[in-house]
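> Below you'll find the structure I mean.
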Amino acid sequence: MGSLWRSIAHVYFIIAFISSSALAEDPYKFFTWNITYGTIWPLGVPQQGILINGQFPGPDIDSTTNDNIIINVFNSLDQKFLLSWSGIQQRRNSWQDGVFGTNCPIPPGKNFTYKFQVKDQIGSYFYFPSMYYHKAAGGFGGLKVVSRPLIPVPFPAPDGDVTLLIGDWYKRNHTILRRTLDFGKSLGAPDAVLINGRGPDGYALTVEQGKTYRLRISNVGLSSSLNFRIEGHKMKLVEVEGSHTVQNIYDSLDIHVGQSYSVLVTADQPPQDYYLVASTRFTSPILTGYGVFRYSNSQKAVSGSIPGGPTIQVDWSLNQARSIRWNLTASAARPNPQGSYHYGNITITRTLKLASSSAIINGKQRYAMNGVSFQRPDTPLKLADYYDIGGVFAVGGIPDSPDGRSAYLQTAVIDGEYRAFIEIVFQNYEDTIQSWHLDGYSFFVAGMDGGEWTQSSRASYNLFDAVSRCTTQVYPKSWTAVLLTLDNAGMWNLRSETWERQYLGQQTYLRVKSPVKSLRDEYDIPHNALLCGAARGRPRTPQP
């Protein structure tokens, strides 16, 4: 009888353990950040930078799938401030997205605590300041989400994991840049390319011979597509913005504004120093930033010319982009293979063809999509929608396709049907390369080509293993088509990643509302939400 009771007790213990494990809350990670000005010297001259806890770039956020991230941000600047989390989907929680369409900014001398979960995500991302052209002064940093221990990763664990933030840079103070744009003038070309906040020959990555490193490379710049390469070394692409990829080998990679890539690099060459390079694409002149890929037992410093890369060749970049494909057999954040989601078999219910344009409105430079240049309101759109405050934005103000209208200013929002499967075509009639990002989602980059998109262009789509990501490039006088399911309720920023264009109106918001008000579909307003504009003084309680 005693052994029977011991067996029953053992069974109850197992059941209790499983139940407690199933009910256990996902881990929390806490951060306290102080945002300040500080003097930085990326190009050998003093500049006013934006620092996080005294750092430029800011500290990395290291997390694991489903971690809860709590970041208490103290704004010690003399301006309002917001941080956004590029690529983090904020499932059911656009309240934490950190752009002005969803959040009131943190006033000077005050603090705000962001609370979000990296729900069902893995991958390489970054955060950045979204207000007042602060991004041109710093305030950005890396954000990585690694797989849970039991989820297989389709490559051996690397010997090191390194964040590389590359981007173009201006010597002018961010306040001068913003004032230039407010006067209706273009900024012109940037002055340099930085690697992890350092100018030419200012950054060194030390590696050990024979070891393999994962490099998480994000283009955090303002306008320039960049080609990244390491002298004498191959790069194996393994992940793009949360998607494991077919593991192609590249000598160099084009990384457009706002994009993130993960590559594996093995230190398999003679022990010496090698150039690590990021240079602009499709610009004249070509700007080159470089550092050193240094073997710990190096016998020789870098010497000779910096290895060249592609410059203005569109076809080269387009062919490379088409070669980047989804790894169908790999698991991402969940144990099921990525390829178990057959996006190519879903019927498209709506097509948005969004054409970019440059225009002069009221004597000032502006940028638009389908003729509408976004005008920022005094009240965040999410708050106006939540409290049913009229007159803040116009739903349906942007037509589903270009209609030839002259560009005008409007606070326009695209209304999206919850759970609809839609197609967005980014049509570029201009001579410049463009980059587009959608908060809250990843989309399948189904096709891209030159010329005008038509319905017959769908015949060229990759409906099998197109990569899923959140930022895509559109080549000059070309189109790019993406597919996605609107399964994340909220107010989501759709924007140009060329920051001058975004600031001067080339953005909008996609409103996705569940037909049933339920916490299953979307969270209520946070108890600590900042209220401003017409929402000031409203109750922070669930609205009927």
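Note on naming: chains are A, B, ... as they come in the structure tokens, residues start from 1 per chain, ligands start from 1 in the order shown.
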Can you list, as a PyMOL selection string, every residue of region 374-521 of chain A that DSSP puts in strand (DSSP E)?
chain A and resi 374+394-395+408-410+412-417+421-428+434-438+443-450+468-469+471-474+478-485+490-496+507-513
> Could you give me, as a short mmCIF file (atom, residue, chain, number, x, y, z; two decimals) with N, CA, C and O atoms, in the first residue's frame, the residues within 10 Å of Ile69 (chain A), counting only C-alpha atoms and dropping anything in the same chain fewer than 4 positions from it?

```
data_model
loop_
_atom_site.label_atom_id
_atom_site.label_comp_id
_atom_site.auth_asym_id
_atom_site.auth_seq_id
_atom_site.Cartn_x
_atom_site.Cartn_y
_atom_site.Cartn_z
N PRO A 27 9.77 35.10 -18.66
CA PRO A 27 10.75 35.90 -17.90
C PRO A 27 10.65 37.40 -18.17
O PRO A 27 10.19 37.83 -19.23
N TYR A 28 11.10 38.18 -17.21
CA TYR A 28 11.14 39.64 -17.32
C TYR A 28 12.59 40.09 -17.37
O TYR A 28 13.46 39.54 -16.70
N LYS A 29 12.83 41.13 -18.17
CA LYS A 29 14.14 41.79 -18.18
C LYS A 29 13.92 43.28 -17.96
O LYS A 29 13.08 43.90 -18.63
N PHE A 30 14.66 43.84 -17.02
CA PHE A 30 14.46 45.22 -16.61
C PHE A 30 15.66 46.08 -17.00
O PHE A 30 16.82 45.68 -16.85
N PHE A 31 15.36 47.28 -17.49
CA PHE A 31 16.40 48.23 -17.88
C PHE A 31 15.99 49.61 -17.37
O PHE A 31 14.81 49.97 -17.35
N ILE A 61 20.11 45.35 -26.34
CA ILE A 61 19.09 44.60 -25.61
C ILE A 61 19.21 43.15 -26.04
O ILE A 61 19.01 42.82 -27.21
N ASP A 62 19.57 42.28 -25.11
CA ASP A 62 19.68 40.85 -25.37
C ASP A 62 18.48 40.16 -24.74
O ASP A 62 18.26 40.25 -23.52
N SER A 63 17.69 39.46 -25.56
CA SER A 63 16.48 38.84 -25.04
C SER A 63 16.27 37.47 -25.67
O SER A 63 16.97 37.09 -26.62
N THR A 113 7.82 54.30 -18.69
CA THR A 113 8.25 52.91 -18.70
C THR A 113 7.56 52.15 -19.82
O THR A 113 6.33 52.01 -19.82
N TYR A 114 8.36 51.70 -20.79
CA TYR A 114 7.87 50.82 -21.85
C TYR A 114 7.74 49.41 -21.30
O TYR A 114 8.63 48.92 -20.59
N LYS A 115 6.65 48.74 -21.64
CA LYS A 115 6.43 47.36 -21.22
C LYS A 115 5.91 46.58 -22.43
O LYS A 115 4.79 46.78 -22.88
N PHE A 116 6.76 45.71 -22.98
CA PHE A 116 6.33 44.93 -24.14
C PHE A 116 6.96 43.55 -24.09
O PHE A 116 7.92 43.29 -23.36
N GLN A 117 6.39 42.66 -24.90
CA GLN A 117 6.86 41.28 -24.97
C GLN A 117 7.34 40.97 -26.38
O GLN A 117 6.69 41.36 -27.36
N VAL A 118 8.47 40.29 -26.49
CA VAL A 118 8.95 39.85 -27.81
C VAL A 118 8.26 38.50 -28.11
O VAL A 118 8.90 37.46 -28.17
#
```
> Please provide as a PyMOL selection string all residues within 8 Å of Leu484 (chain A), with the sequence filter that same-chain residues fewer than 4 positions apart are discarded (counting only C-alpha atoms).
chain A and resi 421-423+441-444
> Any chance you could tabulate, as a Markdown table, the residues of region 417-524 of chain A at most 10 Å from region 173-188 of chain A with each one's nearest atom pair and distance in Å to one decimal, using only C-alpha atoms, in chain and rising number order?

```
| residue | atom | partner | partner_atom | distance |
| --- | --- | --- | --- | --- |
| A:Glu500 | CA | A:Leu181 | CA | 7.5 |
| A:Arg501 | CA | A:Ser186 | CA | 9.4 |
| A:Tyr503 | CA | A:Leu181 | CA | 8.1 |
| A:Leu504 | CA | A:Leu181 | CA | 7.4 |
```
> Could those selected residues go to a file with C-alpha atoms, as a compact mmCIF listing (two decimals), in the first residue's frame?

```txt
# COMPACT_ATOMS: atom_id res chain seq x y z
CA GLU A 500 13.98 63.05 -44.72
CA ARG A 501 11.07 61.57 -46.67
CA TYR A 503 9.79 63.50 -41.72
CA LEU A 504 8.33 65.43 -44.66
```
> From the options A:Pro190, A:Gly98, A:Gly416, A:Gly138, which residue's atoms come nearest to Gly49 (chain A), counting only C-alpha atoms?
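Under the stated criterion, the closest residue is A:Gly138.
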> Pull the helix (DSSP H, G or I) assignments for region 1-130 of chain A out of DSSP run on the backbone, and list those residues as a count of residues only.
25
> Taking only C-alpha atoms into account, which of A:Leu164, A:Leu237, A:Val392, A:Ala359 comes nearest Gln320 (chain A)?
A:Leu237
> Asp97 (chain A): which residues within 12 Å, counting only C-alpha atoms, same-chain residues fewer than 4 positions away excluded, as an mmCIF file with C-alpha atoms, in the first residue's frame?

```
data_model
loop_
_atom_site.group_PDB
_atom_site.id
_atom_site.type_symbol
_atom_site.label_atom_id
_atom_site.label_comp_id
_atom_site.auth_asym_id
_atom_site.auth_seq_id
_atom_site.Cartn_x
_atom_site.Cartn_y
_atom_site.Cartn_z
ATOM 1 C CA LEU A 82 10.325 58.742 -27.962
ATOM 2 C CA LEU A 83 11.976 55.395 -28.648
ATOM 3 C CA SER A 84 10.676 52.870 -31.170
ATOM 4 C CA TRP A 85 11.615 49.203 -31.614
ATOM 5 C CA SER A 86 12.152 48.415 -35.290
ATOM 6 C CA GLY A 87 10.908 44.926 -36.149
ATOM 7 C CA ILE A 88 9.374 44.122 -32.754
ATOM 8 C CA GLN A 89 5.776 43.302 -33.610
ATOM 9 C CA GLN A 90 4.199 44.409 -30.325
ATOM 10 C CA ARG A 91 1.479 41.778 -30.667
ATOM 11 C CA ARG A 92 -1.905 43.257 -29.614
ATOM 12 C CA ASN A 93 0.013 46.177 -28.170
ATOM 13 C CA GLY A 101 0.929 58.017 -34.055
ATOM 14 C CA THR A 102 0.648 55.742 -31.023
ATOM 15 C CA ASN A 103 2.428 57.459 -28.130
ATOM 16 C CA CYS A 104 2.668 60.885 -26.582
ATOM 17 C CA PRO A 105 6.352 61.754 -26.240
ATOM 18 C CA TYR A 114 7.867 50.825 -21.850
ATOM 19 C CA LYS A 115 6.425 47.359 -21.222
ATOM 20 C CA PHE A 116 6.331 44.931 -24.139
ATOM 21 C CA GLN A 117 6.860 41.280 -24.968
ATOM 22 C CA TYR A 127 15.765 50.524 -31.595
ATOM 23 C CA PHE A 128 15.931 54.210 -32.435
ATOM 24 C CA PRO A 129 14.532 57.636 -31.431
ATOM 25 C CA SER A 130 11.501 58.471 -33.567
ATOM 26 C CA PRO A 380 -1.577 60.612 -31.382
ATOM 27 C CA LYS A 382 -4.143 55.708 -31.387
ATOM 28 C CA LEU A 438 5.663 48.485 -41.587
ATOM 29 C CA ASP A 439 5.445 48.367 -37.796
ATOM 30 C CA GLY A 440 3.578 45.502 -36.157
ATOM 31 C CA TYR A 441 4.105 42.989 -38.946
ATOM 32 C CA GLY A 490 -3.569 48.196 -33.574
ATOM 33 C CA MET A 491 -2.473 51.442 -35.209
ATOM 34 C CA TRP A 492 0.675 50.718 -37.212
ATOM 35 C CA ASN A 493 3.125 53.093 -38.865
#
```
> Calculated over only C-alpha atoms, which of the candidates A:Asp385, A:Val246, A:Phe228, A:Asn362 has the smallest distance to Pro307 (chain A)?
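The answer is A:Phe228, which sits nearest to Pro307 (chain A).
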> Of the candidates A:Lys477, A:Gln506, A:Thr498, A:Gly450, which shows the shortest atom-to-atom distance to Leu409 (chain A), using only C-alpha atoms?
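Nearest to Leu409 (chain A): A:Gln506.
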> Would you mind listing what lies within 9 Å of Thr472 (chain A) as a list in words, with only C-alpha atoms counted and same-chain residues fewer than 5 positions away left out?
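Once the adjacent positions are removed, what remains is His256, Val257, Gly258, Gln259, Gln434, Ser435, Trp436, His437, Val445, Thr480 and Val482 of chain A.
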